[in-house]
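Participant: If it helps, the file is called model06.pdb and holds PDB, C-alpha atoms, pLDDT in the B column:
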ATOM      1  CA  MET Z 384      59.236 111.772 103.578  1.00 90.00           C
ATOM      2  CA  ASP Z 385      55.867 112.504 102.005  1.00 97.00           C
ATOM      3  CA  LEU Z 386      55.123 109.384  99.945  1.00 98.00           C
ATOM      4  CA  GLY Z 387      52.724 111.222  97.682  1.00 98.00           C
ATOM      5  CA  ILE Z 388      49.777 108.847  98.140  1.00 98.00           C
ATOM      6  CA  THR Z 389      47.392 111.060 100.078  1.00 98.00           C
ATOM      7  CA  GLY Z 390      43.888 110.349  98.821  1.00 97.00           C
ATOM      8  CA  ARG Z 391      44.944 107.311  96.804  1.00 98.00           C
ATOM      9  CA  LYS Z 392      42.649 104.296  97.006  1.00 98.00           C
ATOM     10  CA  ALA Z 393      44.301 101.205  98.456  1.00 98.00           C
ATOM     11  CA  VAL Z 394      42.878  97.680  98.588  1.00 98.00           C
ATOM     12  CA  VAL Z 395      44.702  95.443 101.057  1.00 98.00           C
ATOM     13  CA  CYS Z 396      43.750  91.772 100.999  1.00 98.00           C
ATOM     14  CA  ALA Z 397      43.565  89.549 104.090  1.00 97.00           C
ATOM     15  CA  SER Z 398      44.138  92.551 106.312  1.00 98.00           C
ATOM     16  CA  SER Z 399      42.178  91.963 109.508  1.00 97.00           C
ATOM     17  CA  LYS Z 400      45.389  90.941 111.292  1.00 96.00           C
ATOM     18  CA  GLY Z 401      49.094  90.266 110.852  1.00 96.00           C
ATOM     19  CA  LEU Z 402      51.116  91.615 107.961  1.00 98.00           C
ATOM     20  CA  GLY Z 403      48.055  92.614 105.969  1.00 98.00           C
ATOM     21  CA  LEU Z 404      46.820  94.766 108.839  1.00 98.00           C
ATOM     22  CA  ALA Z 405      50.289  96.301 109.174  1.00 98.00           C
ATOM     23  CA  CYS Z 406      50.333  97.233 105.484  1.00 98.00           C
ATOM     24  CA  ALA Z 407      46.850  98.742 105.674  1.00 98.00           C
ATOM     25  CA  THR Z 408      47.830 100.759 108.739  1.00 98.00           C
ATOM     26  CA  SER Z 409      50.993 102.124 107.148  1.00 98.00           C
ATOM     27  CA  LEU Z 410      49.150 103.114 103.964  1.00 98.00           C
ATOM     28  CA  ALA Z 411      46.418 104.791 105.999  1.00 98.00           C
ATOM     29  CA  ARG Z 412      49.016 106.692 107.997  1.00 98.00           C
ATOM     30  CA  GLU Z 413      50.399 108.026 104.719  1.00 98.00           C
ATOM     31  CA  GLY Z 414      46.976 109.414 103.802  1.00 98.00           C
ATOM     32  CA  ALA Z 415      45.556 106.683 101.595  1.00 98.00           C
ATOM     33  CA  GLN Z 416      41.921 105.651 101.660  1.00 98.00           C
ATOM     34  CA  VAL Z 417      41.980 101.985 102.620  1.00 98.00           C
ATOM     35  CA  TRP Z 418      39.683  99.052 101.916  1.00 98.00           C
ATOM     36  CA  ILE Z 419      40.498  96.072 104.116  1.00 98.00           C
ATOM     37  CA  ASN Z 420      39.348  92.492 103.682  1.00 98.00           C
ATOM     38  CA  GLY Z 421      38.804  89.348 105.707  1.00 97.00           C
ATOM     39  CA  ARG Z 422      36.377  86.489 106.282  1.00 97.00           C
ATOM     40  CA  ASP Z 423      35.498  87.284 109.910  1.00 97.00           C
ATOM     41  CA  ALA Z 424      33.198  90.330 110.067  1.00 97.00           C
ATOM     42  CA  SER Z 425      33.736  91.130 113.740  1.00 98.00           C
ATOM     43  CA  ARG Z 426      37.522  90.902 113.512  1.00 97.00           C
ATOM     44  CA  LEU Z 427      37.467  92.982 110.338  1.00 98.00           C
ATOM     45  CA  ASP Z 428      35.374  95.695 111.962  1.00 97.00           C
ATOM     46  CA  ALA Z 429      37.761  95.753 114.911  1.00 98.00           C
ATOM     47  CA  ALA Z 430      40.710  96.132 112.544  1.00 98.00           C
ATOM     48  CA  ALA Z 431      39.001  99.010 110.721  1.00 98.00           C
ATOM     49  CA  ALA Z 432      38.325 100.764 114.022  1.00 97.00           C
ATOM     50  CA  ARG Z 433      41.926 100.261 115.113  1.00 97.00           C
ATOM     51  CA  ILE Z 434      43.352 101.685 111.890  1.00 98.00           C
ATOM     52  CA  HIS Z 435      41.033 104.694 112.032  1.00 97.00           C
ATOM     53  CA  ALA Z 436      41.906 105.336 115.677  1.00 97.00           C
ATOM     54  CA  GLU Z 437      45.636 105.234 114.913  1.00 97.00           C
ATOM     55  CA  THR Z 438      45.620 107.206 111.671  1.00 97.00           C
ATOM     56  CA  GLY Z 439      42.328 109.066 111.294  1.00 96.00           C
ATOM     57  CA  ALA Z 440      42.027 107.647 107.772  1.00 95.00           C
ATOM     58  CA  LYS Z 441      38.878 106.455 106.047  1.00 91.00           C
ATOM     59  CA  VAL Z 442      38.771 102.652 106.275  1.00 97.00           C
ATOM     60  CA  THR Z 443      36.163 100.457 104.606  1.00 98.00           C
ATOM     61  CA  PRO Z 444      35.895  96.804 105.707  1.00 98.00           C
ATOM     62  CA  VAL Z 445      34.790  94.287 103.066  1.00 98.00           C
ATOM     63  CA  VAL Z 446      33.928  90.766 104.146  1.00 98.00           C
ATOM     64  CA  GLY Z 447      34.776  88.060 101.628  1.00 97.00           C
ATOM     65  CA  ASP Z 448      36.791  84.941 100.921  1.00 97.00           C
ATOM     66  CA  LEU Z 449      39.270  85.876  98.211  1.00 97.00           C
ATOM     67  CA  ASN Z 450      39.600  82.244  97.188  1.00 96.00           C
ATOM     68  CA  THR Z 451      36.129  82.544  95.670  1.00 97.00           C
ATOM     69  CA  ALA Z 452      34.904  84.586  92.718  1.00 97.00           C
ATOM     70  CA  ASP Z 453      32.124  86.029  94.896  1.00 98.00           C
ATOM     71  CA  GLY Z 454      34.606  87.176  97.526  1.00 97.00           C
ATOM     72  CA  ARG Z 455      36.794  88.908  94.975  1.00 98.00           C
ATOM     73  CA  ALA Z 456      33.749  90.470  93.312  1.00 98.00           C
ATOM     74  CA  ALA Z 457      32.587  91.916  96.636  1.00 98.00           C
ATOM     75  CA  LEU Z 458      35.969  93.536  97.228  1.00 98.00           C
ATOM     76  CA  LEU Z 459      36.135  95.007  93.738  1.00 97.00           C
ATOM     77  CA  ALA Z 460      32.551  96.226  93.945  1.00 98.00           C
ATOM     78  CA  ALA Z 461      33.481  98.161  97.081  1.00 98.00           C
ATOM     79  CA  CYS Z 462      36.542  99.688  95.391  1.00 98.00           C
ATOM     80  CA  PRO Z 463      36.431  99.145  91.611  1.00 96.00           C
ATOM     81  CA  ASP Z 464      39.232 101.569  90.749  1.00 98.00           C
ATOM     82  CA  PRO Z 465      42.064 101.162  93.266  1.00 98.00           C
ATOM     83  CA  ASP Z 466      45.368 102.921  92.811  1.00 98.00           C
ATOM     84  CA  ILE Z 467      47.091 100.404  95.082  1.00 99.00           C
ATOM     85  CA  LEU Z 468      46.558  96.656  95.397  1.00 98.00           C
ATOM     86  CA  VAL Z 469      48.297  94.665  98.107  1.00 98.00           C
ATOM     87  CA  ASN Z 470      47.795  90.952  97.549  1.00 98.00           C
ATOM     88  CA  ASN Z 471      47.911  88.760 100.620  1.00 98.00           C
ATOM     89  CA  ASN Z 472      46.400  85.439 101.659  1.00 96.00           C
ATOM     90  CA  HIS Z 473      46.905  82.669 104.173  1.00 89.00           C
ATOM     91  CA  GLY Z 474      49.605  80.135 103.354  1.00 88.00           C
ATOM     92  CA  PRO Z 475      48.970  76.441 102.662  1.00 89.00           C
ATOM     93  CA  ARG Z 476      49.651  73.687 105.117  1.00 85.00           C
ATOM     94  CA  PRO Z 477      53.211  72.373 105.449  1.00 86.00           C
ATOM     95  CA  GLY Z 478      54.105  68.868 104.389  1.00 90.00           C
ATOM     96  CA  LYS Z 479      56.451  66.891 102.178  1.00 91.00           C
ATOM     97  CA  LEU Z 480      55.353  65.474  98.849  1.00 93.00           C
ATOM     98  CA  ASP Z 481      54.556  62.014 100.190  1.00 91.00           C
ATOM     99  CA  VAL Z 482      51.758  63.340 102.430  1.00 92.00           C
ATOM    100  CA  LEU Z 483      50.264  65.879 100.024  1.00 93.00           C
ATOM    101  CA  GLU Z 484      47.180  65.211  97.947  1.00 94.00           C
ATOM    102  CA  GLU Z 485      45.974  66.778  94.715  1.00 94.00           C
ATOM    103  CA  ALA Z 486      43.432  68.803  96.692  1.00 95.00           C
ATOM    104  CA  ASP Z 487      46.273  70.359  98.697  1.00 94.00           C
ATOM    105  CA  PHE Z 488      47.974  71.558  95.531  1.00 95.00           C
ATOM    106  CA  LEU Z 489      44.769  72.945  94.061  1.00 96.00           C
ATOM    107  CA  ALA Z 490      43.991  74.839  97.273  1.00 95.00           C
ATOM    108  CA  ALA Z 491      47.510  76.285  97.416  1.00 95.00           C
ATOM    109  CA  LEU Z 492      47.407  77.423  93.801  1.00 96.00           C
ATOM    110  CA  GLN Z 493      43.995  79.010  94.283  1.00 97.00           C
ATOM    111  CA  ALA Z 494      44.961  80.923  97.416  1.00 96.00           C
ATOM    112  CA  ASN Z 495      48.508  81.952  96.599  1.00 97.00           C
ATOM    113  CA  MET Z 496      48.614  82.252  92.807  1.00 97.00           C
ATOM    114  CA  LEU Z 497      45.301  82.237  90.972  1.00 98.00           C
ATOM    115  CA  SER Z 498      43.282  84.495  93.292  1.00 98.00           C
ATOM    116  CA  PRO Z 499      45.870  87.286  93.448  1.00 98.00           C
ATOM    117  CA  LEU Z 500      46.342  87.094  89.688  1.00 98.00           C
ATOM    118  CA  ALA Z 501      42.584  87.423  89.201  1.00 98.00           C
ATOM    119  CA  LEU Z 502      42.598  90.609  91.279  1.00 98.00           C
ATOM    120  CA  ILE Z 503      45.582  91.989  89.383  1.00 98.00           C
ATOM    121  CA  LYS Z 504      43.895  91.255  86.062  1.00 98.00           C
ATOM    122  CA  ALA Z 505      40.761  93.063  87.203  1.00 98.00           C
ATOM    123  CA  VAL Z 506      42.480  96.312  88.226  1.00 98.00           C
ATOM    124  CA  VAL Z 507      45.671  96.709  86.208  1.00 98.00           C
ATOM    125  CA  GLY Z 508      43.946  98.038  83.097  1.00 98.00           C
ATOM    126  CA  GLY Z 509      42.358 100.906  85.005  1.00 98.00           C
ATOM    127  CA  MET Z 510      45.640 101.677  86.699  1.00 98.00           C
ATOM    128  CA  ARG Z 511      47.357 101.939  83.325  1.00 98.00           C
ATOM    129  CA  THR Z 512      44.644 104.220  81.958  1.00 98.00           C
ATOM    130  CA  ARG Z 513      44.985 106.526  84.975  1.00 98.00           C
ATOM    131  CA  ARG Z 514      48.782 106.261  84.752  1.00 98.00           C
ATOM    132  CA  PHE Z 515      49.287 105.362  88.371  1.00 98.00           C
ATOM    133  CA  GLY Z 516      49.297 101.965  90.006  1.00 98.00           C
ATOM    134  CA  ARG Z 517      51.178 100.082  92.681  1.00 98.00           C
ATOM    135  CA  ILE Z 518      50.754  96.333  92.999  1.00 98.00           C
ATOM    136  CA  VAL Z 519      52.516  94.555  95.857  1.00 98.00           C
ATOM    137  CA  ASN Z 520      52.329  90.806  96.385  1.00 98.00           C
ATOM    138  CA  ILE Z 521      53.093  89.466  99.848  1.00 98.00           C
ATOM    139  CA  THR Z 522      54.744  86.085  99.315  1.00 97.00           C
ATOM    140  CA  SER Z 523      57.426  84.490 101.501  1.00 95.00           C
ATOM    141  CA  ALA Z 524      61.173  84.365 102.024  1.00 95.00           C
ATOM    142  CA  GLN Z 525      60.709  80.600 101.697  1.00 92.00           C
ATOM    143  CA  VAL Z 526      60.679  81.154  97.929  1.00 95.00           C
ATOM    144  CA  LEU Z 527      64.385  81.982  98.125  1.00 94.00           C
ATOM    145  CA  MET Z 528      65.372  79.537 100.880  1.00 92.00           C
ATOM    146  CA  PRO Z 529      62.784  76.731 100.979  1.00 92.00           C
ATOM    147  CA  GLN Z 530      62.407  74.338 103.855  1.00 88.00           C
ATOM    148  CA  ALA Z 531      61.758  70.713 103.044  1.00 90.00           C
ATOM    149  CA  ASP Z 532      58.127  70.758 104.206  1.00 88.00           C
ATOM    150  CA  MET Z 533      57.110  74.059 102.585  1.00 89.00           C
ATOM    151  CA  GLY Z 534      56.877  72.937  98.967  1.00 92.00           C
ATOM    152  CA  LEU Z 535      53.233  73.938  98.556  1.00 93.00           C
ATOM    153  CA  SER Z 536      53.848  77.503  99.647  1.00 93.00           C
ATOM    154  CA  VAL Z 537      57.013  77.855  97.606  1.00 95.00           C
ATOM    155  CA  SER Z 538      55.514  76.418  94.421  1.00 96.00           C
ATOM    156  CA  ALA Z 539      52.354  78.518  94.390  1.00 97.00           C
ATOM    157  CA  ARG Z 540      54.036  81.754  95.431  1.00 97.00           C
ATOM    158  CA  ALA Z 541      56.864  81.308  92.938  1.00 97.00           C
ATOM    159  CA  GLY Z 542      54.257  80.985  90.210  1.00 97.00           C
ATOM    160  CA  LEU Z 543      52.668  84.269  91.268  1.00 98.00           C
ATOM    161  CA  MET Z 544      56.035  86.002  91.311  1.00 97.00           C
ATOM    162  CA  ALA Z 545      56.894  84.682  87.844  1.00 97.00           C
ATOM    163  CA  MET Z 546      53.683  86.040  86.342  1.00 97.00           C
ATOM    164  CA  ALA Z 547      54.152  89.334  88.176  1.00 97.00           C
ATOM    165  CA  LYS Z 548      57.597  89.663  86.632  1.00 98.00           C
ATOM    166  CA  VAL Z 549      56.224  89.102  83.154  1.00 97.00           C
ATOM    167  CA  LEU Z 550      53.316  91.493  83.691  1.00 97.00           C
ATOM    168  CA  GLN Z 551      55.434  94.421  84.791  1.00 98.00           C
ATOM    169  CA  PHE Z 552      57.271  94.545  81.463  1.00 98.00           C
ATOM    170  CA  ASP Z 553      54.025  95.781  79.890  1.00 96.00           C
ATOM    171  CA  CYS Z 554      52.683  98.117  82.562  1.00 98.00           C
ATOM    172  CA  VAL Z 555      55.671  99.900  84.125  1.00 98.00           C
ATOM    173  CA  ALA Z 556      55.818 102.374  81.219  1.00 98.00           C
ATOM    174  CA  ASP Z 557      52.359 103.523  82.366  1.00 98.00           C
ATOM    175  CA  ASN Z 558      53.632 104.136  85.917  1.00 98.00           C
ATOM    176  CA  VAL Z 559      52.157 100.868  87.188  1.00 98.00           C
ATOM    177  CA  THR Z 560      54.689  98.870  89.171  1.00 98.00           C
ATOM    178  CA  VAL Z 561      54.514  95.274  90.347  1.00 98.00           C
ATOM    179  CA  ASN Z 562      56.733  94.114  93.212  1.00 98.00           C
ATOM    180  CA  ASN Z 563      56.877  91.362  95.804  1.00 98.00           C
ATOM    181  CA  LEU Z 564      57.538  91.472  99.538  1.00 98.00           C
ATOM    182  CA  LEU Z 565      59.118  88.299 100.932  1.00 98.00           C
ATOM    183  CA  PRO Z 566      58.740  88.144 104.722  1.00 96.00           C
ATOM    184  CA  GLY Z 567      60.814  86.011 107.015  1.00 94.00           C
ATOM    185  CA  PRO Z 568      59.727  85.520 110.642  1.00 93.00           C
ATOM    186  CA  PHE Z 569      57.445  88.300 111.875  1.00 95.00           C
ATOM    187  CA  ASP Z 570      55.487  88.571 115.087  1.00 93.00           C
ATOM    188  CA  THR Z 571      52.132  87.322 113.760  1.00 92.00           C
ATOM    189  CA  ASP Z 572      49.564  84.670 114.670  1.00 88.00           C
ATOM    190  CA  ARG Z 573      51.091  82.309 112.117  1.00 82.00           C
ATOM    191  CA  LEU Z 574      54.477  82.553 113.815  1.00 88.00           C
ATOM    192  CA  ALA Z 575      52.825  82.121 117.211  1.00 90.00           C
ATOM    193  CA  GLY Z 576      51.508  78.772 116.010  1.00 85.00           C
ATOM    194  CA  LEU Z 577      55.018  77.667 115.097  1.00 82.00           C
ATOM    195  CA  ALA Z 578      56.340  78.811 118.464  1.00 89.00           C
ATOM    196  CA  GLN Z 579      53.632  76.864 120.275  1.00 91.00           C
ATOM    197  CA  ARG Z 580      54.595  73.775 118.304  1.00 86.00           C
ATOM    198  CA  TYR Z 581      58.171  74.099 119.572  1.00 88.00           C
ATOM    199  CA  VAL Z 582      56.855  74.495 123.118  1.00 93.00           C
ATOM    200  CA  GLN Z 583      54.858  71.293 122.885  1.00 91.00           C
ATOM    201  CA  GLU Z 584      57.412  69.215 120.976  1.00 90.00           C
ATOM    202  CA  ASP Z 585      60.596  70.308 122.733  1.00 92.00           C
ATOM    203  CA  GLY Z 586      59.398  71.253 126.224  1.00 93.00           C
ATOM    204  CA  ILE Z 587      60.725  74.795 126.094  1.00 94.00           C
ATOM    205  CA  THR Z 588      59.102  78.063 127.158  1.00 93.00           C
ATOM    206  CA  LEU Z 589      57.361  80.370 124.717  1.00 91.00           C
ATOM    207  CA  ASP Z 590      60.092  82.992 125.137  1.00 91.00           C
ATOM    208  CA  GLU Z 591      62.710  80.353 124.328  1.00 92.00           C
ATOM    209  CA  ALA Z 592      60.735  79.330 121.253  1.00 92.00           C
ATOM    210  CA  TYR Z 593      60.628  82.888 119.943  1.00 91.00           C
ATOM    211  CA  ALA Z 594      64.326  83.322 120.693  1.00 91.00           C
ATOM    212  CA  ARG Z 595      65.088  80.163 118.731  1.00 90.00           C
ATOM    213  CA  ILE Z 596      63.171  81.452 115.709  1.00 90.00           C
ATOM    214  CA  GLY Z 597      64.811  84.860 115.886  1.00 91.00           C
ATOM    215  CA  ALA Z 598      68.282  83.349 116.198  1.00 90.00           C
ATOM    216  CA  ARG Z 599      68.004  81.868 112.697  1.00 88.00           C
ATOM    217  CA  GLY Z 600      68.940  85.231 111.178  1.00 91.00           C
ATOM    218  CA  PRO Z 601      71.887  87.536 111.803  1.00 95.00           C
ATOM    219  CA  ALA Z 602      69.591  90.216 113.220  1.00 95.00           C
ATOM    220  CA  GLY Z 603      68.936  87.832 116.093  1.00 93.00           C
ATOM    221  CA  ARG Z 604      65.282  88.806 116.449  1.00 93.00           C
ATOM    222  CA  ILE Z 605      61.820  88.483 114.984  1.00 93.00           C
ATOM    223  CA  GLY Z 606      60.545  91.254 112.762  1.00 95.00           C
ATOM    224  CA  GLN Z 607      57.768  93.582 113.874  1.00 96.00           C
ATOM    225  CA  PRO Z 608      54.737  93.964 111.594  1.00 97.00           C
ATOM    226  CA  GLY Z 609      55.085  97.755 111.509  1.00 97.00           C
ATOM    227  CA  GLU Z 610      58.479  97.402 109.843  1.00 98.00           C
ATOM    228  CA  PHE Z 611      56.904  95.302 107.139  1.00 98.00           C
ATOM    229  CA  GLY Z 612      53.982  97.667 106.666  1.00 98.00           C
ATOM    230  CA  ASP Z 613      56.247 100.659 106.190  1.00 98.00           C
ATOM    231  CA  ALA Z 614      58.281  98.807 103.550  1.00 98.00           C
ATOM    232  CA  CYS Z 615      55.038  98.091 101.719  1.00 98.00           C
ATOM    233  CA  ALA Z 616      54.021 101.744 101.922  1.00 98.00           C
ATOM    234  CA  PHE Z 617      57.293 102.839 100.353  1.00 98.00           C
ATOM    235  CA  LEU Z 618      56.854 100.465  97.403  1.00 98.00           C
ATOM    236  CA  CYS Z 619      53.446 102.114  96.910  1.00 98.00           C
ATOM    237  CA  ALA Z 620      54.897 105.623  96.998  1.00 98.00           C
ATOM    238  CA  ALA Z 621      54.885 108.101  94.143  1.00 98.00           C
ATOM    239  CA  GLN Z 622      58.684 108.066  94.414  1.00 98.00           C
ATOM    240  CA  ALA Z 623      58.820 104.290  93.782  1.00 98.00           C
ATOM    241  CA  GLY Z 624      57.778 104.470  90.143  1.00 98.00           C
ATOM    242  CA  TYR Z 625      61.213 103.283  88.973  1.00 98.00           C
ATOM    243  CA  ILE Z 626      61.119 100.152  91.147  1.00 98.00           C
ATOM    244  CA  SER Z 627      59.319  97.292  89.438  1.00 98.00           C
ATOM    245  CA  GLY Z 628      59.639  93.551  89.033  1.00 98.00           C
ATOM    246  CA  GLN Z 629      61.598  93.307  92.284  1.00 98.00           C
ATOM    247  CA  CYS Z 630      61.540  90.993  95.281  1.00 97.00           C
ATOM    248  CA  LEU Z 631      62.300  92.700  98.581  1.00 97.00           C
ATOM    249  CA  THR Z 632      63.220  90.200 101.274  1.00 97.00           C
ATOM    250  CA  LEU Z 633      62.559  91.224 104.881  1.00 97.00           C
ATOM    251  CA  ASP Z 634      64.206  88.516 106.975  1.00 96.00           C
ATOM    252  CA  GLY Z 635      66.742  90.195 109.231  1.00 95.00           C
ATOM    253  CA  GLY Z 636      69.591  89.408 106.838  1.00 95.00           C
ATOM    254  CA  ALA Z 637      69.035  85.628 106.801  1.00 94.00           C
ATOM    255  CA  TYR Z 638      69.166  85.181 103.027  1.00 94.00           C
ATOM    256  CA  ARG Z 639      72.721  84.202 102.113  1.00 92.00           C
ATOM    257  CA  GLY Z 640      72.650  84.665  98.345  1.00 91.00           C
ATOM    258  CA  LEU Z 641      74.006  87.667  96.448  1.00 88.00           C
ATOM    259  CA  PHE Z 642      70.933  88.001  94.219  1.00 84.00           C
TER     260      PHE Z 642
END
Could I get this file's structure written as structure tokens?
Facilitator:
Amino acid sequence: MDLGITGRKAVVCASSKGLGLACATSLAREGAQVWINGRDASRLDAAAARIHAETGAKVTPVVGDLNTADGRAALLAACPDPDILVNNNHGPRPGKLDVLEEADFLAALQANMLSPLALIKAVVGGMRTRRFGRIVNITSAQVLMPQADMGLSVSARAGLMAMAKVLQFDCVADNVTVNNLLPGPFDTDRLAGLAQRYVQEDGITLDEAYARIGARGPAGRIGQPGEFGDACAFLCAAQAGYISGQCLTLDGGAYRGLF
């Protein structure tokens, strides 16, 4: 399927590795011009080279910490009029309420709610004027099925999703959609850290740790980043203009609710 986004300008946040990199790669493969972002210049340059080698697309790396106004300004200066915005950022530390401090909550809200909303606010008006826009927020399947020690992540990301839902009522008539991708376990550095924790705590091998994580869902495996990236690309497609305000969960069928 031709997704109809050849030549479209796509900004993908926190995209030097993991799911962000997968989304940037899939969009580039579909013909989009891609601006990628990260805090480590060398890793970002390597990611840009990798995407270009795989897709032949134009890729512009922009170094910046999106939790700061300066970092967001640098990204928007590099691409002030994107057609596609994929919001992504690192998740907050785990922990139950009794070990969390006010600073933990403020950091989580900044990274996983306020910063992505600031980027949306900066670009959505232009998207509406041009009558094309695709905004995708990468959140977490934890929002639907929280674990006891993931309250920070769930709270901040749920706030972002709530505002995204409200926003789309105004902009979808101008062909600007706002959707959320909720990943379960994918083969990323973040998951590798969890697997290593199981290795150390339970004395199992790394393969056994990954198998344990994958066994949590009916698919019986861990997701591959390319699968996630392609789902993101479809939500950004010209054909996806009638899909807005939705939460697409990619977790190998683990979510047990009907809605």
Participant: Could I get the residues of region 529-621 of chain Z with an atom no further than 10 Å from an atom of region 512-516 of chain Z, each paired with its nearest atom pair and that distance in Å to one decimal, using only C-alpha atoms, sorted by chain and residue number, as JSON lines?
Facilitator:
{"residue": "Z:Cys554", "atom": "CA", "partner": "Z:Gly516", "partner_atom": "CA", "distance": 9.0}
{"residue": "Z:Val555", "atom": "CA", "partner": "Z:Gly516", "partner_atom": "CA", "distance": 8.9}
{"residue": "Z:Ala556", "atom": "CA", "partner": "Z:Arg514", "partner_atom": "CA", "distance": 8.8}
{"residue": "Z:Asp557", "atom": "CA", "partner": "Z:Arg514", "partner_atom": "CA", "distance": 5.1}
{"residue": "Z:Asn558", "atom": "CA", "partner": "Z:Phe515", "partner_atom": "CA", "distance": 5.1}
{"residue": "Z:Val559", "atom": "CA", "partner": "Z:Gly516", "partner_atom": "CA", "distance": 4.2}
{"residue": "Z:Thr560", "atom": "CA", "partner": "Z:Gly516", "partner_atom": "CA", "distance": 6.3}
{"residue": "Z:Val561", "atom": "CA", "partner": "Z:Gly516", "partner_atom": "CA", "distance": 8.5}
{"residue": "Z:Cys619", "atom": "CA", "partner": "Z:Gly516", "partner_atom": "CA", "distance": 8.1}
{"residue": "Z:Ala620", "atom": "CA", "partner": "Z:Gly516", "partner_atom": "CA", "distance": 9.7}
{"residue": "Z:Ala621", "atom": "CA", "partner": "Z:Phe515", "partner_atom": "CA", "distance": 8.5}
Participant: Run the PyMOL selection byres ((chain Z and resi 409-419) around 9) on the file and write out the hits as a ChimeraX atom specification.
Facilitator: /Z:385-399,403-408,420-421,427,430-431,434-435,437-446,458,461-462,609,612-617,619
Participant: Limited to C-alpha atoms, could you put the picked residues into a file as a PDB file, in the coordinates of the input?
Facilitator:
ATOM      1  CA  ASP Z 385      55.867 112.504 102.005  1.00 97.00           C
ATOM      2  CA  LEU Z 386      55.123 109.384  99.945  1.00 98.00           C
ATOM      3  CA  GLY Z 387      52.724 111.222  97.682  1.00 98.00           C
ATOM      4  CA  ILE Z 388      49.777 108.847  98.140  1.00 98.00           C
ATOM      5  CA  THR Z 389      47.392 111.060 100.078  1.00 98.00           C
ATOM      6  CA  GLY Z 390      43.888 110.349  98.821  1.00 97.00           C
ATOM      7  CA  ARG Z 391      44.944 107.311  96.804  1.00 98.00           C
ATOM      8  CA  LYS Z 392      42.649 104.296  97.006  1.00 98.00           C
ATOM      9  CA  ALA Z 393      44.301 101.205  98.456  1.00 98.00           C
ATOM     10  CA  VAL Z 394      42.878  97.680  98.588  1.00 98.00           C
ATOM     11  CA  VAL Z 395      44.702  95.443 101.057  1.00 98.00           C
ATOM     12  CA  CYS Z 396      43.750  91.772 100.999  1.00 98.00           C
ATOM     13  CA  ALA Z 397      43.565  89.549 104.090  1.00 97.00           C
ATOM     14  CA  SER Z 398      44.138  92.551 106.312  1.00 98.00           C
ATOM     15  CA  SER Z 399      42.178  91.963 109.508  1.00 97.00           C
ATOM     16  CA  GLY Z 403      48.055  92.614 105.969  1.00 98.00           C
ATOM     17  CA  LEU Z 404      46.820  94.766 108.839  1.00 98.00           C
ATOM     18  CA  ALA Z 405      50.289  96.301 109.174  1.00 98.00           C
ATOM     19  CA  CYS Z 406      50.333  97.233 105.484  1.00 98.00           C
ATOM     20  CA  ALA Z 407      46.850  98.742 105.674  1.00 98.00           C
ATOM     21  CA  THR Z 408      47.830 100.759 108.739  1.00 98.00           C
ATOM     22  CA  ASN Z 420      39.348  92.492 103.682  1.00 98.00           C
ATOM     23  CA  GLY Z 421      38.804  89.348 105.707  1.00 97.00           C
ATOM     24  CA  LEU Z 427      37.467  92.982 110.338  1.00 98.00           C
ATOM     25  CA  ALA Z 430      40.710  96.132 112.544  1.00 98.00           C
ATOM     26  CA  ALA Z 431      39.001  99.010 110.721  1.00 98.00           C
ATOM     27  CA  ILE Z 434      43.352 101.685 111.890  1.00 98.00           C
ATOM     28  CA  HIS Z 435      41.033 104.694 112.032  1.00 97.00           C
ATOM     29  CA  GLU Z 437      45.636 105.234 114.913  1.00 97.00           C
ATOM     30  CA  THR Z 438      45.620 107.206 111.671  1.00 97.00           C
ATOM     31  CA  GLY Z 439      42.328 109.066 111.294  1.00 96.00           C
ATOM     32  CA  ALA Z 440      42.027 107.647 107.772  1.00 95.00           C
ATOM     33  CA  LYS Z 441      38.878 106.455 106.047  1.00 91.00           C
ATOM     34  CA  VAL Z 442      38.771 102.652 106.275  1.00 97.00           C
ATOM     35  CA  THR Z 443      36.163 100.457 104.606  1.00 98.00           C
ATOM     36  CA  PRO Z 444      35.895  96.804 105.707  1.00 98.00           C
ATOM     37  CA  VAL Z 445      34.790  94.287 103.066  1.00 98.00           C
ATOM     38  CA  VAL Z 446      33.928  90.766 104.146  1.00 98.00           C
ATOM     39  CA  LEU Z 458      35.969  93.536  97.228  1.00 98.00           C
ATOM     40  CA  ALA Z 461      33.481  98.161  97.081  1.00 98.00           C
ATOM     41  CA  CYS Z 462      36.542  99.688  95.391  1.00 98.00           C
ATOM     42  CA  GLY Z 609      55.085  97.755 111.509  1.00 97.00           C
ATOM     43  CA  GLY Z 612      53.982  97.667 106.666  1.00 98.00           C
ATOM     44  CA  ASP Z 613      56.247 100.659 106.190  1.00 98.00           C
ATOM     45  CA  ALA Z 614      58.281  98.807 103.550  1.00 98.00           C
ATOM     46  CA  CYS Z 615      55.038  98.091 101.719  1.00 98.00           C
ATOM     47  CA  ALA Z 616      54.021 101.744 101.922  1.00 98.00           C
ATOM     48  CA  PHE Z 617      57.293 102.839 100.353  1.00 98.00           C
ATOM     49  CA  CYS Z 619      53.446 102.114  96.910  1.00 98.00           C
TER      50      CYS Z 619
END
Participant: Tell me, in Å to one decimal, how far CA of Ala524 (chain Z) is from CA of Arg511 (chain Z).
Facilitator: 29.1 Å
Participant: Evaluated on this file, the PyMOL selection byres ((chain Z and resi 535) around 7) picks out some residues - which ones are they, written as a ChimeraX atom specification?
Facilitator: /Z:475,488,491,533-534,536-539
Participant: Under the rule that all atoms listed in the file are counted, which of Z:Asp466, Z:Asp572, Z:Glu484, Z:Asp585 is the nearest residue to Val519 (chain Z)?
Facilitator: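 Closest residue, counting all atoms listed in the file: Z:Asp466.
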Participant: Skipping near chain neighbours, those fewer than 6 positions away, what residues fall within 9 Å of Ala541 (chain Z) using only C-alpha atoms, listed as an NGL selection string?
Facilitator: :Z and (496 or 522 or 526)
Participant: Just write the chosen residues, C-alpha atoms, as an mmCIF file, in the coordinates of the input.
Facilitator:
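Generated output (again-v6.cif):
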data_model
loop_
_atom_site.group_PDB
_atom_site.id
_atom_site.type_symbol
_atom_site.label_atom_id
_atom_site.label_comp_id
_atom_site.auth_asym_id
_atom_site.auth_seq_id
_atom_site.Cartn_x
_atom_site.Cartn_y
_atom_site.Cartn_z
ATOM 1 C CA MET Z 496 48.614 82.252 92.807
ATOM 2 C CA THR Z 522 54.744 86.085 99.315
ATOM 3 C CA VAL Z 526 60.679 81.154 97.929
#
